[in-house]
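*Asks:* Contents of data-v9.txt (compact mmCIF, C-alpha atoms) are given next:
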# COMPACT_ATOMS: atom_id res chain seq x y z
CA GLY A 765 -17.19 1.72 -28.43
CA ALA A 766 -14.35 1.44 -25.95
CA VAL A 767 -14.56 -1.50 -23.61
CA VAL A 768 -11.59 -0.42 -21.52
CA SER A 769 -11.38 3.15 -20.32
CA GLN A 770 -8.11 4.67 -19.14
CA HIS A 771 -7.69 8.03 -17.46
CA PRO A 772 -6.07 10.45 -17.64
CA SER A 773 -4.88 10.62 -21.23
CA TRP A 774 -2.13 13.12 -20.49
CA VAL A 775 -0.32 14.06 -17.33
CA ILE A 776 2.36 16.70 -16.97
CA CYS A 777 3.67 17.23 -13.49
CA LYS A 778 6.68 18.17 -11.44
CA SER A 779 9.33 15.76 -10.27
CA GLY A 780 8.43 14.21 -6.92
CA THR A 781 4.71 14.13 -7.57
CA SER A 782 2.73 10.90 -7.36
CA VAL A 783 0.45 10.17 -10.28
CA LYS A 784 -2.51 7.80 -10.35
CA ILE A 785 -3.73 6.20 -13.58
CA GLU A 786 -7.08 4.42 -13.72
CA CYS A 787 -8.06 1.52 -15.93
CA ARG A 788 -11.72 0.48 -16.05
CA SER A 789 -13.43 -2.35 -17.84
CA LEU A 790 -16.73 -0.89 -19.01
CA ASP A 791 -18.98 -3.80 -19.85
CA PHE A 792 -17.29 -6.83 -18.43
CA GLN A 793 -15.65 -7.98 -15.24
CA ALA A 794 -11.89 -8.31 -15.26
CA THR A 795 -10.24 -10.36 -12.55
CA THR A 796 -6.96 -9.73 -14.29
CA MET A 797 -5.65 -6.60 -15.94
CA PHE A 798 -2.24 -5.90 -17.41
CA TRP A 799 -0.10 -2.78 -17.29
CA TYR A 800 2.37 -2.05 -20.06
CA ARG A 801 4.92 0.68 -20.55
CA GLN A 802 6.08 1.98 -23.90
CA PHE A 803 9.03 4.28 -24.51
CA PRO A 804 9.16 6.32 -27.74
CA LYS A 805 9.75 4.22 -30.83
CA GLN A 806 9.78 1.03 -28.77
CA SER A 807 7.42 -1.82 -28.15
CA LEU A 808 5.07 -2.45 -25.25
CA MET A 809 6.75 -4.02 -22.26
CA LEU A 810 4.70 -5.75 -19.59
CA MET A 811 5.17 -4.12 -16.21
CA ALA A 812 2.78 -6.08 -14.04
CA THR A 813 -0.30 -8.23 -13.86
CA SER A 814 -3.03 -6.79 -11.70
CA ASN A 815 -5.13 -9.36 -9.86
CA GLU A 816 -8.48 -8.47 -8.29
CA GLY A 817 -8.38 -8.87 -4.54
CA SER A 818 -4.74 -9.88 -4.34
CA LYS A 819 -1.26 -8.54 -4.89
CA ALA A 820 -0.05 -7.64 -8.31
CA THR A 821 2.61 -9.70 -10.02
CA TYR A 822 5.50 -7.55 -11.21
CA GLU A 823 7.90 -8.30 -14.02
CA GLN A 824 11.58 -8.53 -13.31
CA GLY A 825 13.18 -5.14 -13.01
CA VAL A 826 9.97 -3.26 -12.21
CA GLU A 827 10.09 -1.54 -8.83
CA LYS A 828 7.07 -2.53 -6.76
CA ASP A 829 7.40 0.46 -4.46
CA LYS A 830 7.64 2.85 -7.38
CA PHE A 831 4.68 1.47 -9.34
CA LEU A 832 1.86 0.68 -6.94
CA ILE A 833 -1.00 -1.34 -8.38
CA ASN A 834 -4.39 -1.70 -6.75
CA HIS A 835 -7.17 -3.86 -8.19
CA ALA A 836 -9.91 -3.33 -5.65
CA SER A 837 -12.90 -4.23 -7.80
CA LEU A 838 -13.70 -6.36 -10.80
CA THR A 839 -13.82 -3.31 -13.05
CA LEU A 840 -11.04 -1.06 -11.80
CA SER A 841 -7.28 -1.26 -11.57
CA THR A 842 -5.08 1.69 -10.68
CA LEU A 843 -1.39 2.30 -11.26
CA THR A 844 0.25 4.89 -9.05
CA VAL A 845 3.66 6.17 -10.01
CA THR A 846 5.07 7.32 -6.70
CA SER A 847 7.51 10.20 -6.41
CA ALA A 848 7.79 10.35 -10.18
CA HIS A 849 11.02 11.50 -11.81
CA PRO A 850 11.83 12.45 -15.41
CA GLU A 851 12.97 8.91 -16.19
CA ASP A 852 9.44 7.70 -15.40
CA SER A 853 8.14 9.72 -18.33
CA SER A 854 6.59 7.24 -20.72
CA PHE A 855 3.38 5.97 -22.29
CA TYR A 856 1.48 3.69 -19.93
CA ILE A 857 -1.29 1.48 -21.26
CA CYS A 858 -3.52 -1.07 -19.62
CA SER A 859 -5.39 -4.03 -21.03
CA ALA A 860 -8.06 -6.40 -19.85
CA GLY A 861 -10.14 -9.29 -21.03
CA GLY A 862 -9.32 -11.73 -23.74
CA GLN A 863 -9.39 -15.37 -22.94
CA TYR A 864 -8.47 -18.02 -25.48
CA SER A 865 -9.18 -16.55 -28.89
CA GLN A 866 -10.53 -13.24 -27.73
CA PRO A 867 -8.23 -10.23 -28.06
CA GLN A 868 -7.24 -8.20 -25.07
CA HIS A 869 -8.85 -4.82 -24.99
CA PHE A 870 -6.56 -1.89 -24.45
CA GLY A 871 -7.19 1.45 -22.89
CA ASP A 872 -6.17 4.48 -24.91
CA GLY A 873 -3.05 4.94 -22.82
CA THR A 874 -1.65 7.68 -20.62
CA ARG A 875 1.23 9.91 -21.68
CA LEU A 876 3.14 10.83 -18.56
CA SER A 877 5.65 13.67 -18.65
CA ILE A 878 7.61 14.50 -15.54
CA LEU A 879 9.35 17.86 -15.57
CA ALA B 507 15.33 -15.33 -25.89
CA GLN B 508 12.94 -13.21 -27.85
CA LYS B 509 9.57 -14.84 -28.25
CA ILE B 510 8.30 -12.59 -31.02
CA THR B 511 10.59 -11.35 -33.77
CA GLN B 512 9.70 -8.66 -36.25
CA THR B 513 12.70 -8.10 -38.49
CA GLN B 514 11.38 -5.12 -40.46
CA PRO B 515 11.75 -1.88 -38.50
CA GLY B 516 10.14 0.05 -41.33
CA MET B 517 8.30 -0.67 -44.56
CA PHE B 518 7.04 1.46 -47.42
CA VAL B 519 4.19 0.51 -49.70
CA GLN B 520 2.44 2.26 -52.53
CA GLU B 521 -1.20 3.05 -52.04
CA LYS B 522 -3.49 0.25 -53.32
CA GLU B 523 -0.65 -2.27 -53.26
CA ALA B 524 -0.42 -5.26 -50.91
CA VAL B 525 2.23 -5.51 -48.21
CA THR B 526 3.45 -8.33 -45.98
CA LEU B 527 4.72 -7.68 -42.47
CA ASP B 528 6.84 -10.48 -41.08
CA CYS B 529 6.55 -12.11 -37.69
CA THR B 530 8.19 -15.21 -36.28
CA TYR B 531 7.59 -16.62 -32.84
CA ASP B 532 9.08 -19.05 -30.42
CA THR B 533 7.15 -21.19 -27.97
CA SER B 534 7.05 -24.72 -26.67
CA ASP B 535 3.45 -24.39 -25.50
CA PRO B 536 1.13 -26.27 -27.89
CA SER B 537 -1.70 -23.85 -27.10
CA TYR B 538 -1.05 -20.27 -28.08
CA GLY B 539 -2.61 -17.37 -29.89
CA LEU B 540 -1.07 -14.91 -32.28
CA PHE B 541 -2.38 -11.38 -32.62
CA TRP B 542 -1.67 -8.36 -34.75
CA TYR B 543 -2.33 -4.87 -33.46
CA LYS B 544 -2.09 -1.51 -35.19
CA GLN B 545 -0.89 1.52 -33.26
CA PRO B 546 -1.39 4.89 -34.93
CA SER B 547 0.52 7.94 -33.74
CA SER B 548 -2.27 8.70 -31.27
CA GLY B 549 -1.20 5.63 -29.32
CA GLU B 550 -4.25 3.42 -29.05
CA MET B 551 -3.87 -0.28 -29.76
CA ILE B 552 -6.26 -1.48 -32.45
CA PHE B 553 -6.81 -5.23 -32.73
CA LEU B 554 -6.59 -6.46 -36.31
CA ILE B 555 -6.54 -10.22 -36.49
CA TYR B 556 -6.09 -13.42 -34.48
CA GLN B 557 -4.74 -16.87 -35.27
CA GLY B 558 -4.96 -19.78 -32.86
CA SER B 559 -2.36 -22.52 -32.77
CA TYR B 560 -4.96 -25.15 -33.55
CA ASP B 561 -6.65 -23.24 -36.35
CA GLN B 562 -6.39 -25.06 -39.64
CA GLN B 563 -7.29 -22.12 -41.83
CA ASN B 564 -5.46 -18.83 -42.14
CA ALA B 565 -7.37 -16.03 -40.48
CA THR B 566 -8.84 -13.22 -42.57
CA GLU B 567 -10.52 -9.97 -41.52
CA GLY B 568 -11.45 -7.70 -44.38
CA ARG B 569 -8.22 -6.43 -45.96
CA TYR B 570 -6.12 -8.22 -43.38
CA SER B 571 -5.04 -11.82 -43.64
CA LEU B 572 -2.60 -13.83 -41.63
CA ASN B 573 -0.22 -16.18 -43.38
CA PHE B 574 0.23 -18.81 -40.67
CA GLN B 575 3.02 -21.33 -41.20
CA LYS B 576 3.11 -23.36 -38.03
CA ALA B 577 6.12 -25.50 -38.88
CA ARG B 578 8.15 -22.40 -39.62
CA LYS B 579 6.66 -20.59 -36.62
CA SER B 580 5.72 -17.61 -38.69
CA ALA B 581 2.59 -15.49 -38.67
CA ASN B 582 2.93 -12.82 -41.30
CA LEU B 583 0.31 -10.13 -41.72
CA VAL B 584 -0.81 -9.34 -45.24
CA ILE B 585 -2.57 -6.05 -45.89
CA SER B 586 -4.22 -5.87 -49.27
CA ALA B 587 -5.09 -2.67 -51.15
CA SER B 588 -3.13 -0.42 -48.79
CA GLN B 589 -4.67 2.89 -47.81
CA LEU B 590 -3.04 6.06 -46.53
CA GLY B 591 -4.77 5.45 -43.20
CA ASP B 592 -2.84 2.20 -42.82
CA SER B 593 0.30 4.17 -42.00
CA ALA B 594 1.09 3.20 -38.41
CA MET B 595 3.11 0.89 -36.20
CA TYR B 596 2.15 -2.76 -36.41
CA PHE B 597 2.83 -5.17 -33.60
CA CYS B 598 2.76 -8.92 -33.65
CA ALA B 599 1.98 -10.47 -30.27
CA MET B 600 1.61 -13.89 -28.75
CA ARG B 601 -0.26 -15.27 -25.81
CA GLU B 602 0.54 -18.69 -24.40
CA GLY B 603 -2.40 -20.41 -22.78
CA SER B 604 -5.35 -18.24 -21.77
CA ALA B 605 -5.80 -15.16 -19.62
CA THR B 606 -2.09 -14.44 -19.83
CA PRO B 607 -0.41 -11.23 -20.95
CA LEU B 608 0.58 -10.57 -24.51
CA VAL B 609 4.23 -10.59 -25.50
CA PHE B 610 4.93 -8.11 -28.25
CA GLY B 611 7.47 -7.92 -31.01
CA LYS B 612 9.41 -4.73 -31.61
CA GLY B 613 7.00 -3.61 -34.27
CA THR B 614 7.14 -2.51 -37.88
CA ARG B 615 6.42 1.03 -38.95
CA LEU B 616 4.42 0.97 -42.16
CA SER B 617 4.30 4.04 -44.35
CA VAL B 618 1.82 4.11 -47.22
CA ILE B 619 2.83 6.38 -50.07
CA ALA B 620 0.32 8.08 -52.35
Translate the structure described by the file into structure tokens.
*Replies:*
Amino acid sequence: GAVVSQHPSWVICKSGTSVKIECRSLDFQATTMFWYRQFPKQSLMLMATSNEGSKATYEQGVEKDKFLINHASLTLSTLTVTSAHPEDSSFYICSAGGQYSQPQHFGDGTRLSIL
Amino acid sequence: AQKITQTQPGMFVQEKEAVTLDCTYDTSDPSYGLFWYKQPSSGEMIFLIYQGSYDQQNATEGRYSLNFQKARKSANLVISASQLGDSAMYFCAMREGSATPLVFGKGTRLSVIA
């Protein structure tokens, strides 16, 4: 069964709305989680590293004020897309776990469509 | 510089045949891991196989095997006896050290033909 749960799966909303996406590790504690973004027919690009109890680390070119990340517990990280616009429409996917030889576990992703 | 290179945007294979998906990587870290993931049209990332930089043997998982050539920095995925359900995007990824994010290649879209 899924070890990382991501909600919601789909979001369609109006421009200017803020959208929160949750990523939960179900049967393990995750001090670190990763948020990726994927445009159609492209690869996954790392947006940020979410660290429990401290600030997230953002990749170059990712707007910190646009994509707010909160990792308040060892099992939950949230990504909030603030004042979303059509160009923010994308597939967002989180991952957690995986040290050394263990694979990272991915959530099922969130398809965000901003009208 | 790109760390993971997948040079095949798309591949076709006949059902029941074997197919090799290419992946080359670039790193100066002696400790790294190489992963292959499958992404069907529904979007979820399905882990297929892992190869560690210190592993002496090529990894195998059922119909999947990884042809690891360290000196050439290549980690090709071999799928034997292709099935229609294998049609998907395939991503090669690398992690340097531990507890670090994966870096993905651009992916290869595999289409299995009946």
*Asks:* Write out as a ChimeraX atom specification each polymer residue whose atoms come within 10 Å of Lys778 of chain A, counting all atoms listed in the file; drop sequence neighbours fewer than 4 positions from it.
*Replies:* /A:782,847-850,877-879
*Asks:* Rank nothing, just name the residue among A:Val783, A:Val768, A:Lys819, A:Leu810 nearest to Leu876 of chain A, using all atoms listed in the file.
*Replies:*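 For Leu876 of chain A, the nearest of the given residues is A:Val783.
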*Asks:* Can you build me a table of chain A residues sitting at most 12 Å from chain B, with the closest atom pair per residue and its distance in Å to one decimal, using only C-alpha atoms, sorted by chain and residue number, as JSON lines?
*Replies:*
{"residue": "A:Ala766", "atom": "CA", "partner": "B:Glu550", "partner_atom": "CA", "distance": 10.7}
{"residue": "A:Val768", "atom": "CA", "partner": "B:Glu550", "partner_atom": "CA", "distance": 11.2}
{"residue": "A:Ser769", "atom": "CA", "partner": "B:Glu550", "partner_atom": "CA", "distance": 11.3}
{"residue": "A:Gln770", "atom": "CA", "partner": "B:Glu550", "partner_atom": "CA", "distance": 10.7}
{"residue": "A:Ser773", "atom": "CA", "partner": "B:Gly549", "partner_atom": "CA", "distance": 10.2}
{"residue": "A:Trp774", "atom": "CA", "partner": "B:Gly549", "partner_atom": "CA", "distance": 11.6}
{"residue": "A:Ala794", "atom": "CA", "partner": "B:Ala605", "partner_atom": "CA", "distance": 10.1}
{"residue": "A:Thr795", "atom": "CA", "partner": "B:Ala605", "partner_atom": "CA", "distance": 9.6}
{"residue": "A:Thr796", "atom": "CA", "partner": "B:Ala605", "partner_atom": "CA", "distance": 7.7}
{"residue": "A:Met797", "atom": "CA", "partner": "B:Pro607", "partner_atom": "CA", "distance": 8.6}
{"residue": "A:Phe798", "atom": "CA", "partner": "B:Pro607", "partner_atom": "CA", "distance": 6.7}
{"residue": "A:Trp799", "atom": "CA", "partner": "B:Pro607", "partner_atom": "CA", "distance": 9.2}
{"residue": "A:Tyr800", "atom": "CA", "partner": "B:Pro607", "partner_atom": "CA", "distance": 9.6}
{"residue": "A:Arg801", "atom": "CA", "partner": "B:Phe610", "partner_atom": "CA", "distance": 11.7}
{"residue": "A:Gln802", "atom": "CA", "partner": "B:Gly549", "partner_atom": "CA", "distance": 9.8}
{"residue": "A:Phe803", "atom": "CA", "partner": "B:Gly549", "partner_atom": "CA", "distance": 11.4}
{"residue": "A:Pro804", "atom": "CA", "partner": "B:Gly549", "partner_atom": "CA", "distance": 10.5}
{"residue": "A:Lys805", "atom": "CA", "partner": "B:Gly613", "partner_atom": "CA", "distance": 9.0}
{"residue": "A:Gln806", "atom": "CA", "partner": "B:Lys612", "partner_atom": "CA", "distance": 6.4}
{"residue": "A:Ser807", "atom": "CA", "partner": "B:Lys612", "partner_atom": "CA", "distance": 4.9}
{"residue": "A:Leu808", "atom": "CA", "partner": "B:Phe610", "partner_atom": "CA", "distance": 6.4}
{"residue": "A:Met809", "atom": "CA", "partner": "B:Phe610", "partner_atom": "CA", "distance": 7.5}
{"residue": "A:Leu810", "atom": "CA", "partner": "B:Pro607", "partner_atom": "CA", "distance": 7.6}
{"residue": "A:Met811", "atom": "CA", "partner": "B:Pro607", "partner_atom": "CA", "distance": 10.2}
{"residue": "A:Ala812", "atom": "CA", "partner": "B:Pro607", "partner_atom": "CA", "distance": 9.2}
{"residue": "A:Thr813", "atom": "CA", "partner": "B:Pro607", "partner_atom": "CA", "distance": 7.7}
{"residue": "A:Ser814", "atom": "CA", "partner": "B:Pro607", "partner_atom": "CA", "distance": 10.6}
{"residue": "A:Asn815", "atom": "CA", "partner": "B:Ala605", "partner_atom": "CA", "distance": 11.4}
{"residue": "A:Thr821", "atom": "CA", "partner": "B:Pro607", "partner_atom": "CA", "distance": 11.4}
{"residue": "A:Tyr822", "atom": "CA", "partner": "B:Pro607", "partner_atom": "CA", "distance": 12.0}
{"residue": "A:Glu823", "atom": "CA", "partner": "B:Pro607", "partner_atom": "CA", "distance": 11.2}
{"residue": "A:Ser854", "atom": "CA", "partner": "B:Gly549", "partner_atom": "CA", "distance": 11.7}
{"residue": "A:Phe855", "atom": "CA", "partner": "B:Gly549", "partner_atom": "CA", "distance": 8.4}
{"residue": "A:Tyr856", "atom": "CA", "partner": "B:Gly549", "partner_atom": "CA", "distance": 10.0}
{"residue": "A:Ile857", "atom": "CA", "partner": "B:Glu550", "partner_atom": "CA", "distance": 8.6}
{"residue": "A:Cys858", "atom": "CA", "partner": "B:Met551", "partner_atom": "CA", "distance": 10.2}
{"residue": "A:Ser859", "atom": "CA", "partner": "B:Pro607", "partner_atom": "CA", "distance": 8.8}
{"residue": "A:Ala860", "atom": "CA", "partner": "B:Ala605", "partner_atom": "CA", "distance": 9.0}
{"residue": "A:Gly861", "atom": "CA", "partner": "B:Ala605", "partner_atom": "CA", "distance": 7.4}
{"residue": "A:Gly862", "atom": "CA", "partner": "B:Ala605", "partner_atom": "CA", "distance": 6.4}
{"residue": "A:Gln863", "atom": "CA", "partner": "B:Ala605", "partner_atom": "CA", "distance": 4.9}
{"residue": "A:Tyr864", "atom": "CA", "partner": "B:Ser604", "partner_atom": "CA", "distance": 4.9}
{"residue": "A:Ser865", "atom": "CA", "partner": "B:Gly558", "partner_atom": "CA", "distance": 6.6}
{"residue": "A:Gln866", "atom": "CA", "partner": "B:Tyr556", "partner_atom": "CA", "distance": 8.1}
{"residue": "A:Pro867", "atom": "CA", "partner": "B:Phe553", "partner_atom": "CA", "distance": 7.0}
{"residue": "A:Gln868", "atom": "CA", "partner": "B:Leu608", "partner_atom": "CA", "distance": 8.2}
{"residue": "A:His869", "atom": "CA", "partner": "B:Phe553", "partner_atom": "CA", "distance": 8.0}
{"residue": "A:Phe870", "atom": "CA", "partner": "B:Met551", "partner_atom": "CA", "distance": 6.2}
{"residue": "A:Gly871", "atom": "CA", "partner": "B:Glu550", "partner_atom": "CA", "distance": 7.1}
{"residue": "A:Asp872", "atom": "CA", "partner": "B:Glu550", "partner_atom": "CA", "distance": 4.7}
{"residue": "A:Gly873", "atom": "CA", "partner": "B:Glu550", "partner_atom": "CA", "distance": 6.5}
{"residue": "A:Thr874", "atom": "CA", "partner": "B:Gly549", "partner_atom": "CA", "distance": 8.9}
{"residue": "A:Arg875", "atom": "CA", "partner": "B:Gly549", "partner_atom": "CA", "distance": 9.1}
*Asks:* Using all atoms listed in the file, which protein or nucleic acid residues come within 8 Å of Leu840 of chain A? Drop anything in the same chain fewer than 3 positions from it, and give the result as a compact mmCIF listing (two decimals) with C-alpha atoms, keeping the file's coordinate frame.
*Replies:*
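Below is the file that was written, selection.txt:
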# COMPACT_ATOMS: atom_id res chain seq x y z
CA GLU A 786 -7.08 4.42 -13.72
CA CYS A 787 -8.06 1.52 -15.93
CA ARG A 788 -11.72 0.48 -16.05
CA SER A 789 -13.43 -2.35 -17.84
CA HIS A 835 -7.17 -3.86 -8.19
CA ALA A 836 -9.91 -3.33 -5.65
CA SER A 837 -12.90 -4.23 -7.80
*Asks:* Using all atoms listed in the file for the distances, tell me which of B:Ala565, B:Lys579, B:Thr513, B:Glu521 is nearest to Ser534 of chain B.
*Replies:*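 Using all atoms listed in the file, Ser534 of chain B sits closest to B:Lys579.
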*Asks:* Point out the residue among B:Gln589, B:Ser580, B:Gln514, B:Asn564 with the least atom-to-atom distance to Thr533 of chain B, counting all atoms listed in the file.
*Replies:*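 The closest residue to Thr533 of chain B is B:Ser580.
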*Asks:* Just how far from atom CA of Phe792 of chain A is atom CA of Leu572 of chain B, in Å to one decimal?
*Replies:* 28.3 Å
*Asks:* When you draw a straight line from atom CA of Ile833 of chain A to atom CA of Asp535 of chain B, how long is it in Å?
*Replies:*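 Computing the Euclidean distance for atom CA of Ile833 of chain A and atom CA of Asp535 of chain B yields 29.1 Å.
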*Asks:* Quick one, how far is atom CA of Lys509 of chain B from atom CA of Asp852 of chain A?
*Replies:*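 Interatomic distance here is 25.9 Å.
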*Asks:* Could you give me, as an mmCIF file with C-alpha atoms, keeping the file's coordinate frame, the residues that sit within 9 Å of (-12.1, -4.5, -46.8) in the file's coordinates, counting all atoms listed in the file?
*Replies:*
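Result file follows (selection.cif):
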data_model
loop_
_atom_site.group_PDB
_atom_site.id
_atom_site.type_symbol
_atom_site.label_atom_id
_atom_site.label_comp_id
_atom_site.auth_asym_id
_atom_site.auth_seq_id
_atom_site.Cartn_x
_atom_site.Cartn_y
_atom_site.Cartn_z
ATOM 1 C CA GLU B 567 -10.520 -9.970 -41.520
ATOM 2 C CA GLY B 568 -11.450 -7.700 -44.380
ATOM 3 C CA ARG B 569 -8.220 -6.430 -45.960
ATOM 4 C CA TYR B 570 -6.120 -8.220 -43.380
ATOM 5 C CA SER B 586 -4.220 -5.870 -49.270
ATOM 6 C CA ALA B 587 -5.090 -2.670 -51.150
#
*Asks:* Here is a test: counting all atoms listed in the file, which residue of B:Asp532, B:Gln508, B:Pro515, B:Val618 is nearest to Leu590 of chain B?
*Replies:*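 Of B:Asp532, B:Gln508, B:Pro515, B:Val618, the one nearest Leu590 of chain B is B:Val618, counting all atoms listed in the file.
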*Asks:* Could you pull the residues within 7 Å of segment 592-594 of chain B, counting all atoms listed in the file, minus those fewer than 5 positions along the same chain, as a list of chain:residue names?
*Replies:*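 Final neighbour list, sorted by chain and number: B:Lys544, B:Gln545, B:Pro546, B:Ser547, B:Arg615, B:Leu616, B:Ser617, B:Val618.
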*Asks:* Grab the residues selected above and save them as a short mmCIF file (atom, residue, chain, number, x, y, z; two decimals), in the coordinates of the input with C-alpha atoms.
*Replies:*
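Contents of again.cif, freshly written:
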data_model
loop_
_atom_site.label_atom_id
_atom_site.label_comp_id
_atom_site.auth_asym_id
_atom_site.auth_seq_id
_atom_site.Cartn_x
_atom_site.Cartn_y
_atom_site.Cartn_z
CA LYS B 544 -2.09 -1.51 -35.19
CA GLN B 545 -0.89 1.52 -33.26
CA PRO B 546 -1.39 4.89 -34.93
CA SER B 547 0.52 7.94 -33.74
CA ARG B 615 6.42 1.03 -38.95
CA LEU B 616 4.42 0.97 -42.16
CA SER B 617 4.30 4.04 -44.35
CA VAL B 618 1.82 4.11 -47.22
#
*Asks:* Could you model all heavy atoms for segment 568-575 of chain B and present them as a compact mmCIF listing (two decimals), in the frame of the given file?
*Replies:*
# COMPACT_ATOMS: atom_id res chain seq x y z
N GLY B 568 -11.42 -8.78 -43.40
CA GLY B 568 -11.45 -7.70 -44.38
C GLY B 568 -10.18 -7.68 -45.21
O GLY B 568 -9.83 -8.65 -45.87
N ARG B 569 -9.46 -6.57 -45.17
CA ARG B 569 -8.22 -6.43 -45.96
C ARG B 569 -7.02 -7.09 -45.30
O ARG B 569 -5.92 -7.09 -45.88
CB ARG B 569 -7.93 -4.95 -46.21
CG ARG B 569 -8.95 -4.23 -47.08
CD ARG B 569 -8.50 -2.83 -47.44
NE ARG B 569 -8.35 -1.98 -46.25
CZ ARG B 569 -7.19 -1.51 -45.84
NH1 ARG B 569 -6.06 -1.82 -46.47
NH2 ARG B 569 -7.14 -0.73 -44.76
N TYR B 570 -7.23 -7.61 -44.11
CA TYR B 570 -6.12 -8.22 -43.38
C TYR B 570 -6.22 -9.75 -43.47
O TYR B 570 -7.29 -10.32 -43.29
CB TYR B 570 -6.14 -7.82 -41.91
CG TYR B 570 -6.15 -6.33 -41.67
CD1 TYR B 570 -7.29 -5.67 -41.25
CD2 TYR B 570 -4.99 -5.58 -41.87
CE1 TYR B 570 -7.29 -4.31 -41.03
CE2 TYR B 570 -4.98 -4.21 -41.66
CZ TYR B 570 -6.13 -3.58 -41.24
OH TYR B 570 -6.12 -2.22 -41.03
N SER B 571 -5.10 -10.37 -43.70
CA SER B 571 -5.04 -11.82 -43.64
C SER B 571 -3.74 -12.21 -42.96
O SER B 571 -2.76 -11.46 -42.95
CB SER B 571 -5.14 -12.45 -45.03
OG SER B 571 -4.08 -12.02 -45.85
N LEU B 572 -3.77 -13.37 -42.36
CA LEU B 572 -2.60 -13.83 -41.63
C LEU B 572 -2.09 -15.09 -42.32
O LEU B 572 -2.84 -16.06 -42.46
CB LEU B 572 -2.99 -14.11 -40.17
CG LEU B 572 -1.86 -14.11 -39.14
CD1 LEU B 572 -2.37 -13.73 -37.76
CD2 LEU B 572 -1.17 -15.45 -39.09
N ASN B 573 -0.85 -15.04 -42.73
CA ASN B 573 -0.22 -16.18 -43.38
C ASN B 573 0.48 -16.99 -42.29
O ASN B 573 1.60 -16.69 -41.88
CB ASN B 573 0.78 -15.70 -44.43
CG ASN B 573 1.40 -16.85 -45.20
OD1 ASN B 573 1.10 -18.02 -44.94
ND2 ASN B 573 2.27 -16.53 -46.14
N PHE B 574 -0.22 -18.02 -41.81
CA PHE B 574 0.23 -18.81 -40.67
C PHE B 574 0.95 -20.06 -41.16
O PHE B 574 0.35 -20.90 -41.83
CB PHE B 574 -0.97 -19.19 -39.81
CG PHE B 574 -0.64 -19.98 -38.57
CD1 PHE B 574 0.38 -19.61 -37.73
CD2 PHE B 574 -1.41 -21.10 -38.23
CE1 PHE B 574 0.67 -20.32 -36.57
CE2 PHE B 574 -1.15 -21.82 -37.08
CZ PHE B 574 -0.10 -21.43 -36.25
N GLN B 575 2.24 -20.15 -40.85
CA GLN B 575 3.02 -21.33 -41.20
C GLN B 575 3.58 -21.90 -39.91
O GLN B 575 4.64 -21.48 -39.43
CB GLN B 575 4.12 -20.96 -42.19
CG GLN B 575 3.57 -20.44 -43.50
CD GLN B 575 4.64 -20.24 -44.55
OE1 GLN B 575 5.52 -21.09 -44.73
NE2 GLN B 575 4.60 -19.12 -45.24
